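Structure file entry_27.tsv; described as TSV, C-alpha atoms.
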```
chain	number	residue	atom	x	y	z
K	1	MET	CA	0.00	0.00	0.00
K	2	LYS	CA	1.39	3.45	-0.88
K	3	ARG	CA	2.23	5.66	2.11
K	4	ARG	CA	-0.08	8.47	0.89
K	5	MET	CA	-3.03	6.05	0.67
K	6	ALA	CA	-2.21	4.59	4.08
K	7	LEU	CA	-2.11	8.05	5.68
K	8	GLY	CA	-5.36	8.89	3.96
K	9	LEU	CA	-7.09	5.83	5.40
K	10	LEU	CA	-5.58	6.48	8.82
K	11	GLY	CA	-6.82	10.06	8.70
K	12	ALA	CA	-10.28	8.94	7.70
K	13	SER	CA	-10.41	6.35	10.47
K	14	ALA	CA	-9.31	8.94	13.03
K	15	VAL	CA	-11.94	11.46	11.99
K	16	ALA	CA	-14.79	8.98	11.50
K	17	PRO	CA	-15.45	8.25	15.21
K	18	ALA	CA	-15.85	11.97	15.90
K	19	ILE	CA	-18.33	12.33	13.05
K	20	ILE	CA	-20.21	9.16	14.02
K	21	GLY	CA	-20.23	10.13	17.69
K	22	LYS	CA	-21.69	13.52	16.94
K	23	ALA	CA	-24.33	12.04	14.65
K	24	ALA	CA	-25.22	9.42	17.25
K	25	GLN	CA	-26.15	12.03	19.84
K	26	ALA	CA	-29.93	12.26	19.76
K	27	ALA	CA	-31.60	15.62	20.20
K	28	PRO	CA	-33.00	16.35	23.69
K	29	LEU	CA	-36.64	15.48	24.09
K	30	ASN	CA	-39.05	18.37	24.53
K	31	LEU	CA	-40.67	16.95	27.65
K	32	ASP	CA	-44.41	17.55	27.92
K	33	PRO	CA	-46.05	16.82	31.31
K	34	ALA	CA	-49.41	16.59	29.51
K	35	ASN	CA	-48.13	13.64	27.46
K	36	PRO	CA	-48.75	10.36	29.36
K	37	ASP	CA	-45.82	8.67	27.59
K	38	HIS	CA	-43.49	11.47	28.70
K	39	VAL	CA	-44.76	11.20	32.27
K	40	LYS	CA	-43.95	7.47	32.33
K	41	LEU	CA	-40.52	8.18	30.82
K	42	ILE	CA	-39.81	10.79	33.50
K	43	HIS	CA	-40.89	8.35	36.20
K	44	ARG	CA	-38.74	5.51	34.84
K	45	LYS	CA	-35.64	7.71	34.54
K	46	LEU	CA	-35.97	9.23	38.02
K	47	CYS	CA	-37.21	6.18	39.91
K	48	PHE	CA	-35.24	3.55	37.99
K	49	SER	CA	-33.09	3.67	34.82
K	50	MET	CA	-33.23	3.28	31.05
K	51	ASP	CA	-30.35	0.78	31.04
K	52	THR	CA	-29.07	-2.18	33.04
K	53	THR	CA	-26.59	-0.23	35.19
K	54	PRO	CA	-26.79	-1.46	38.83
K	55	THR	CA	-28.11	1.45	40.88
K	56	PHE	CA	-29.02	2.18	44.49
K	57	MET	CA	-31.67	4.20	46.29
K	58	TRP	CA	-31.90	5.14	49.97
K	59	LEU	CA	-34.57	6.60	52.19
K	60	ARG	CA	-34.47	8.04	55.70
K	61	ALA	CA	-37.83	8.59	57.36
K	62	THR	CA	-39.52	9.01	60.72
K	63	ARG	CA	-42.34	6.63	61.62
K	64	PHE	CA	-45.27	8.10	63.56
K	65	GLY	CA	-48.52	7.02	65.07
K	66	LEU	CA	-51.33	9.44	64.19
K	67	VAL	CA	-54.15	9.63	66.74
K	68	ASP	CA	-56.74	12.42	66.98
K	69	SER	CA	-54.66	14.50	64.54
K	70	ARG	CA	-51.62	14.26	66.85
K	71	PHE	CA	-48.37	12.71	65.59
K	72	ILE	CA	-46.51	10.47	68.06
K	73	PRO	CA	-42.91	9.70	66.93
K	74	PHE	CA	-42.10	5.97	67.01
K	75	TRP	CA	-38.65	5.46	65.43
K	76	GLU	CA	-36.32	6.35	62.55
K	77	MET	CA	-36.47	4.23	59.39
K	78	HIS	CA	-33.38	3.50	57.27
K	79	VAL	CA	-34.09	1.95	53.89
K	80	GLY	CA	-31.68	0.91	51.13
K	81	GLN	CA	-32.35	-0.69	47.77
K	82	ALA	CA	-30.25	-2.09	44.93
K	83	PHE	CA	-31.80	-2.51	41.50
K	84	SER	CA	-31.20	-2.99	37.79
K	85	THR	CA	-33.62	-2.30	34.94
K	86	LYS	CA	-34.07	-4.26	31.72
K	87	ASP	CA	-36.14	-3.52	28.61
K	88	MET	CA	-38.86	-6.02	27.79
K	89	PRO	CA	-41.05	-6.42	24.68
K	90	ASN	CA	-43.80	-3.94	23.85
K	91	GLY	CA	-42.24	-1.07	25.76
K	92	ASP	CA	-42.44	-2.82	29.14
K	93	TYR	CA	-39.48	-3.07	31.51
K	94	GLU	CA	-38.44	-5.35	34.34
K	95	VAL	CA	-36.86	-4.22	37.60
K	96	THR	CA	-34.73	-6.69	39.57
K	97	SER	CA	-34.17	-5.47	43.12
K	98	TRP	CA	-33.48	-6.24	46.75
K	99	SER	CA	-33.93	-3.98	49.76
K	100	ALA	CA	-33.50	-3.89	53.52
K	101	ILE	CA	-35.04	-1.72	56.23
K	102	PHE	CA	-33.80	-1.00	59.76
K	103	TYR	CA	-35.26	0.98	62.68
K	104	THR	CA	-33.31	3.06	65.17
K	105	ASP	CA	-34.34	4.76	68.38
K	106	ILE	CA	-35.08	8.45	67.84
K	107	ALA	CA	-33.26	9.58	70.99
K	108	SER	CA	-30.23	7.26	71.01
K	109	SER	CA	-29.96	6.37	67.27
K	110	LYS	CA	-29.40	2.74	68.32
K	111	TYR	CA	-30.77	-0.20	66.35
K	112	ILE	CA	-33.93	-1.53	67.99
K	113	GLU	CA	-35.39	-5.04	68.03
K	114	THR	CA	-38.26	-4.30	70.43
K	115	PHE	CA	-40.55	-1.32	70.76
K	116	LYS	CA	-42.48	-0.07	73.78
K	117	ASN	CA	-45.72	1.10	72.26
K	118	PRO	CA	-46.68	4.44	73.84
K	119	LEU	CA	-50.32	3.95	72.84
K	120	THR	CA	-50.81	0.54	74.47
K	121	GLY	CA	-47.96	0.39	77.00
K	122	ASN	CA	-46.93	-3.02	75.64
K	123	THR	CA	-43.46	-3.96	74.41
K	124	VAL	CA	-43.55	-5.83	71.11
K	125	ALA	CA	-40.90	-7.56	68.97
K	126	ILE	CA	-40.20	-5.75	65.69
K	127	ARG	CA	-40.66	-7.92	62.63
K	128	TYR	CA	-37.73	-7.46	60.24
K	129	GLY	CA	-37.64	-9.18	56.90
K	130	ALA	CA	-34.42	-10.42	55.30
K	131	PRO	CA	-33.58	-8.97	51.88
K	132	ARG	CA	-34.58	-11.09	48.92
K	133	VAL	CA	-34.19	-10.57	45.21
K	134	SER	CA	-37.42	-10.00	43.31
K	135	LYS	CA	-38.42	-9.16	39.76
K	136	ARG	CA	-41.29	-6.85	38.93
K	137	LEU	CA	-42.70	-6.03	35.51
K	138	HIS	CA	-43.70	-2.45	34.72
K	139	THR	CA	-46.08	-2.04	31.81
K	140	LYS	CA	-47.15	0.93	29.71
K	141	SER	CA	-50.15	1.35	31.98
K	142	GLY	CA	-48.17	1.15	35.21
K	143	GLU	CA	-46.74	-1.45	37.54
K	144	ALA	CA	-47.87	-5.05	37.25
K	145	ARG	CA	-47.67	-6.58	40.73
K	146	GLU	CA	-47.59	-10.27	41.41
K	147	PRO	CA	-51.03	-11.47	42.53
K	148	MET	CA	-51.35	-11.49	46.34
K	149	ASN	CA	-52.23	-14.93	47.65
K	150	ARG	CA	-54.87	-13.99	50.21
K	151	PRO	CA	-57.99	-16.01	49.30
K	152	GLU	CA	-59.80	-14.85	52.45
K	153	MET	CA	-59.51	-11.21	51.36
K	154	ASN	CA	-61.01	-8.95	48.73
K	155	ILE	CA	-58.00	-7.11	47.29
K	156	ASP	CA	-57.99	-3.75	45.54
K	157	ALA	CA	-54.50	-2.65	44.40
K	158	ASN	CA	-53.53	0.20	42.14
K	159	THR	CA	-50.38	2.04	41.05
K	160	ASP	CA	-50.56	5.60	39.73
K	161	ILE	CA	-47.78	7.34	37.80
K	162	GLY	CA	-48.01	11.12	37.55
K	163	PRO	CA	-48.79	13.87	37.33
K	164	ALA	CA	-45.46	15.47	36.44
K	165	TRP	CA	-44.41	19.11	36.63
K	166	ILE	CA	-41.63	21.07	34.95
K	167	GLU	CA	-40.57	24.44	36.30
K	168	GLY	CA	-37.42	26.03	34.90
K	169	GLY	CA	-34.66	23.47	35.12
K	170	ALA	CA	-36.47	21.11	37.50
K	171	VAL	CA	-38.86	18.20	36.93
K	172	TRP	CA	-41.00	16.31	39.46
K	173	VAL	CA	-43.19	13.23	39.08
K	174	ARG	CA	-45.39	11.27	41.44
K	175	GLY	CA	-45.52	7.50	41.78
K	176	ASP	CA	-48.17	6.25	44.23
K	177	THR	CA	-49.34	2.82	45.32
K	178	ARG	CA	-52.61	1.91	47.01
K	179	ILE	CA	-53.51	-1.53	48.39
K	180	ARG	CA	-56.68	-2.35	50.31
K	181	LEU	CA	-57.50	-5.76	51.79
K	182	GLU	CA	-60.95	-6.41	53.22
K	183	PRO	CA	-61.93	-9.76	54.78
K	184	LYS	CA	-64.63	-11.65	52.96
K	185	GLU	CA	-65.90	-12.70	56.38
K	186	ALA	CA	-65.66	-10.43	59.42
K	187	THR	CA	-64.18	-13.21	61.55
K	188	LYS	CA	-61.27	-13.83	59.15
K	189	GLY	CA	-59.17	-10.75	59.64
K	190	ARG	CA	-59.23	-6.98	59.65
K	191	MET	CA	-59.23	-4.41	56.91
K	192	SER	CA	-55.73	-3.31	55.89
K	193	GLN	CA	-54.90	-0.21	53.85
K	194	VAL	CA	-51.53	0.92	52.43
K	195	ASN	CA	-51.07	4.33	50.80
K	196	ASP	CA	-47.49	4.91	49.59
K	197	TRP	CA	-46.88	8.38	48.13
K	198	SER	CA	-43.60	9.10	46.33
K	199	THR	CA	-42.40	12.23	44.53
K	200	PHE	CA	-39.18	12.10	42.49
K	201	TYR	CA	-37.15	15.16	41.48
K	202	GLY	CA	-34.52	15.57	38.79
K	203	VAL	CA	-32.88	18.06	36.44
K	204	THR	CA	-34.98	18.62	33.32
K	205	LYS	CA	-32.08	18.64	30.83
K	206	ASP	CA	-30.76	15.35	32.24
K	207	VAL	CA	-34.12	13.62	31.96
K	208	ALA	CA	-34.67	15.05	28.47
K	209	ASP	CA	-31.25	13.85	27.26
K	210	PRO	CA	-31.66	10.48	25.46
K	211	ASP	CA	-27.98	9.76	26.05
K	212	ASN	CA	-28.37	10.11	29.81
K	213	LYS	CA	-29.90	6.76	30.62
K	214	ASN	CA	-29.73	6.99	34.41
K	215	PRO	CA	-29.99	10.57	35.71
K	216	ALA	CA	-29.59	11.52	39.35
K	217	SER	CA	-32.76	11.99	41.38
K	218	THR	CA	-34.09	12.65	44.85
K	219	TRP	CA	-37.06	11.01	46.54
K	220	ILE	CA	-39.71	12.42	48.88
K	221	PHE	CA	-41.85	9.78	50.58
K	222	ASN	CA	-44.96	9.62	52.78
K	223	ASP	CA	-47.29	6.81	53.69
K	224	ILE	CA	-50.62	6.73	55.51
K	225	ASN	CA	-51.51	3.17	56.53
K	226	THR	CA	-53.51	1.11	58.95
K	227	TRP	CA	-51.57	-0.19	61.96
K	228	ALA	CA	-49.04	-2.98	61.36
K	229	ALA	CA	-50.40	-6.23	62.84
K	230	TRP	CA	-47.27	-6.85	64.94
K	231	LEU	CA	-47.89	-3.60	66.87
K	232	GLU	CA	-50.86	-5.36	68.49
K	233	MET	CA	-53.01	-2.24	68.47
K	234	GLY	CA	-56.32	-4.02	68.91
K	235	ASP	CA	-59.14	-1.51	68.39
K	236	GLN	CA	-56.88	1.53	68.85
K	237	PRO	CA	-58.07	4.17	66.32
K	238	GLY	CA	-55.50	6.02	64.26
K	239	ASN	CA	-52.97	5.55	61.49
K	240	TYR	CA	-49.41	4.46	60.84
K	241	VAL	CA	-47.59	7.32	59.07
K	242	SER	CA	-44.06	8.03	57.84
K	243	ARG	CA	-42.31	11.08	56.44
K	244	GLY	CA	-38.96	10.81	54.69
K	245	LEU	CA	-36.57	11.64	51.89
K	246	GLY	CA	-33.74	10.00	49.99
K	247	GLN	CA	-31.94	9.86	46.68
K	248	LYS	CA	-30.46	7.70	43.94
K	249	GLU	CA	-26.83	6.63	44.25
K	250	PHE	CA	-24.46	4.94	41.80
K	251	LYS	CA	-22.10	3.25	44.28
K	252	TYR	CA	-22.88	1.12	47.31
K	253	ASP	CA	-20.35	3.10	49.36
K	254	SER	CA	-22.38	6.27	48.70
K	255	LEU	CA	-25.34	4.92	50.66
K	256	PRO	CA	-25.74	6.29	54.23
K	257	SER	CA	-23.17	4.91	56.66
K	258	VAL	CA	-25.81	4.02	59.29
K	259	TRP	CA	-27.59	1.73	56.86
K	260	ARG	CA	-24.37	0.18	55.51
K	261	LYS	CA	-23.14	-0.57	59.03
K	262	LEU	CA	-26.36	-2.37	59.87
K	263	MET	CA	-26.23	-4.27	56.57
K	264	THR	CA	-22.71	-5.50	57.39
K	265	GLU	CA	-23.85	-6.63	60.84
K	266	ARG	CA	-27.16	-8.22	59.85
K	267	PHE	CA	-26.79	-9.32	56.22
K	268	PRO	CA	-23.06	-9.59	55.47
K	269	ASP	CA	-23.48	-11.58	52.25
K	270	PHE	CA	-25.52	-8.79	50.65
K	271	ALA	CA	-23.17	-6.14	52.02
K	272	LYS	CA	-20.10	-7.88	50.56
K	273	ASP	CA	-21.55	-8.25	47.07
K	274	PRO	CA	-24.62	-6.03	46.64
K	275	ILE	CA	-24.46	-6.08	42.84
K	276	GLY	CA	-23.78	-9.81	42.62
K	277	ALA	CA	-27.00	-10.41	44.53
K	278	LEU	CA	-28.93	-8.82	41.66
K	279	LYS	CA	-27.45	-11.31	39.24
K	280	GLY	CA	-28.74	-14.23	41.27
```

Output the file's structure in the form of structure tokens.
Amino acid sequence: MKRRMALGLLGASAVAPAIIGKAAQAAPLNLDPANPDHVKLIHRKLCFSMDTTPTFMWLRATRFGLVDSRFIPFWEMHVGQAFSTKDMPNGDYEVTSWSAIFYTDIASSKYIETFKNPLTGNTVAIRYGAPRVSKRLHTKSGEAREPMNRPEMNIDANTDIGPAWIEGGAVWVRGDTRIRLEPKEATKGRMSQVNDWSTFYGVTKDVADPDNKNPASTWIFNDINTWAAWLEMGDQPGNYVSRGLGQKEFKYDSLPSVWRKLMTERFPDFAKDPIGALKG
């Protein structure tokens, strides 16, 4: 090959990636909160991801009892989650995740395994669940939950995505879940209601950028529920309420130190390899 031809090909090969790279950059999406498809896109990007990158989310909240419009602080909640997101046919996507929750005393910040209920005077054992990996399909119309196996109950469950708001450089979107279980026979249980309210915040240009598959986000969370059964509330009127906030992280070591310490103590296998757990 002649030297001039070789240099010409080398020059072309050196310039081509720059040209291809520039052409491959898609134009930012003009996000429209009135467009249901855009609302779902905003929710997926802020709550999860558009690619398979392992990602983390944490939440710190205070748990209250609400009686006669008065809030009684119970404990601090520390929640951490690892997840990955995969595209599925027809525009659906699947989220593989595991999570763990711990409670600490409000005054001492120490991990608690029992709780002296100020409303009943009884001390009860706190029911902690071990983390487990689960897969959940999210469809165009919202989240598709696995059927709950409670034949003695009438179950009404719903997930709402949106509305979304854009103001200046900021975007917010809601993602709420409602579950109601009512016994088919009065002697076979009590009514249970869960209302989980989440609001996710991000930077508009990041969410609108097709090349930014996994933008940073923050999370505001509230729930208003019936009493947990293990609290042994009996006929005590009132509600079980939490108020908290958190954010997305891209490294396990970026999660709050309190939660990571408790993970190492209680679930060392997950703490040692949090991403490997997602891969089964």

Residues of segment 43-137 of chain K that have any atom at most 12 Å from an atom of segment 35-38 of chain K: could you tabulate them with the shortest-distance atom pair and the distance in Å to one decimal, using all atoms listed in the file, ordered by chain and increasing number, as JSON lines?
```
{"residue": "K:His43", "atom": "CA", "partner": "K:His38", "partner_atom": "CA", "distance": 8.5}
{"residue": "K:Arg44", "atom": "CA", "partner": "K:His38", "partner_atom": "CA", "distance": 9.8}
{"residue": "K:Lys45", "atom": "CA", "partner": "K:His38", "partner_atom": "CA", "distance": 10.5}
{"residue": "K:Gly91", "atom": "CA", "partner": "K:Asp37", "partner_atom": "CA", "distance": 10.5}
```

If we count only C-alpha atoms, what is near Val194 of chain K at a cut-off of 12 Å, once residues fewer than 3 positions away on the same chain are taken out, given as a CSV table (one decimal) with C-alpha atoms, keeping the file's coordinate frame?
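What follows is the written file selection.csv:
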```
chain,number,residue,atom,x,y,z
K,155,ILE,CA,-58.0,-7.1,47.3
K,156,ASP,CA,-58.0,-3.8,45.5
K,157,ALA,CA,-54.5,-2.6,44.4
K,158,ASN,CA,-53.5,0.2,42.1
K,159,THR,CA,-50.4,2.0,41.0
K,176,ASP,CA,-48.2,6.2,44.2
K,177,THR,CA,-49.3,2.8,45.3
K,178,ARG,CA,-52.6,1.9,47.0
K,179,ILE,CA,-53.5,-1.5,48.4
K,180,ARG,CA,-56.7,-2.4,50.3
K,181,LEU,CA,-57.5,-5.8,51.8
K,182,GLU,CA,-61.0,-6.4,53.2
K,191,MET,CA,-59.2,-4.4,56.9
K,197,TRP,CA,-46.9,8.4,48.1
K,222,ASN,CA,-45.0,9.6,52.8
K,223,ASP,CA,-47.3,6.8,53.7
K,224,ILE,CA,-50.6,6.7,55.5
K,225,ASN,CA,-51.5,3.2,56.5
K,226,THR,CA,-53.5,1.1,59.0
K,227,TRP,CA,-51.6,-0.2,62.0
K,228,ALA,CA,-49.0,-3.0,61.4
K,239,ASN,CA,-53.0,5.6,61.5
K,240,TYR,CA,-49.4,4.5,60.8
K,241,VAL,CA,-47.6,7.3,59.1
K,242,SER,CA,-44.1,8.0,57.8
```

Shell around Pro210 of chain K at 12 Å using all atoms listed in the file, local window under 3 positions removed, as a short mmCIF file (atom, residue, chain, number, x, y, z; two decimals) with C-alpha atoms, keeping the file's coordinate frame:
```cif
data_model
loop_
_atom_site.label_atom_id
_atom_site.label_comp_id
_atom_site.auth_asym_id
_atom_site.auth_seq_id
_atom_site.Cartn_x
_atom_site.Cartn_y
_atom_site.Cartn_z
CA ALA K 24 -25.22 9.42 17.25
CA GLN K 25 -26.15 12.03 19.84
CA ALA K 26 -29.93 12.26 19.76
CA ALA K 27 -31.60 15.62 20.20
CA PRO K 28 -33.00 16.35 23.69
CA LEU K 29 -36.64 15.48 24.09
CA ASN K 30 -39.05 18.37 24.53
CA LEU K 31 -40.67 16.95 27.65
CA LEU K 41 -40.52 8.18 30.82
CA ILE K 42 -39.81 10.79 33.50
CA LYS K 45 -35.64 7.71 34.54
CA SER K 49 -33.09 3.67 34.82
CA MET K 50 -33.23 3.28 31.05
CA ASP K 51 -30.35 0.78 31.04
CA THR K 204 -34.98 18.62 33.32
CA LYS K 205 -32.08 18.64 30.83
CA ASP K 206 -30.76 15.35 32.24
CA VAL K 207 -34.12 13.62 31.96
CA LYS K 213 -29.90 6.76 30.62
CA ASN K 214 -29.73 6.99 34.41
CA PRO K 215 -29.99 10.57 35.71
#
```

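You can rank K:Gly202, K:Pro237, K:Pro256, K:Gly121 by their closest distance to Ala164 of chain K using only C-alpha atoms, and at the top of that list sits K:Gly202.
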
Surrounding residues of segment 57-66 of chain K excluding itself and chain neighbours under 6 positions, 7 Å, all atoms listed in the file, as a VMD selection string: chain K and resid 72 to 82 238 to 249 255

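Counting only C-alpha atoms and comparing K:Ala271, K:Thr120, K:Glu265, K:Asp196, the residue that lies closest to Gly234 of chain K is K:Thr120.
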
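Nearest residue to Lys251 of chain K, choosing from K:Ser99, K:Lys116, K:Val67, K:Ile275 and counting all atoms listed in the file: K:Ile275.
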
Neighbouring residues of Arg132 of chain K were defined as those with any atom within 10 Å, considering all atoms listed in the file; residues of the same chain fewer than 2 positions away were excluded. Please report them as an MDAnalysis selection string. chainID K and resid 97:100 129:130 134 270 277:278

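Compared by their closest atoms to Arg174 of chain K, and using all atoms listed in the file, the residues K:Met148, K:Ala208, K:Val124, K:Ser198 rank with K:Ser198 nearest.
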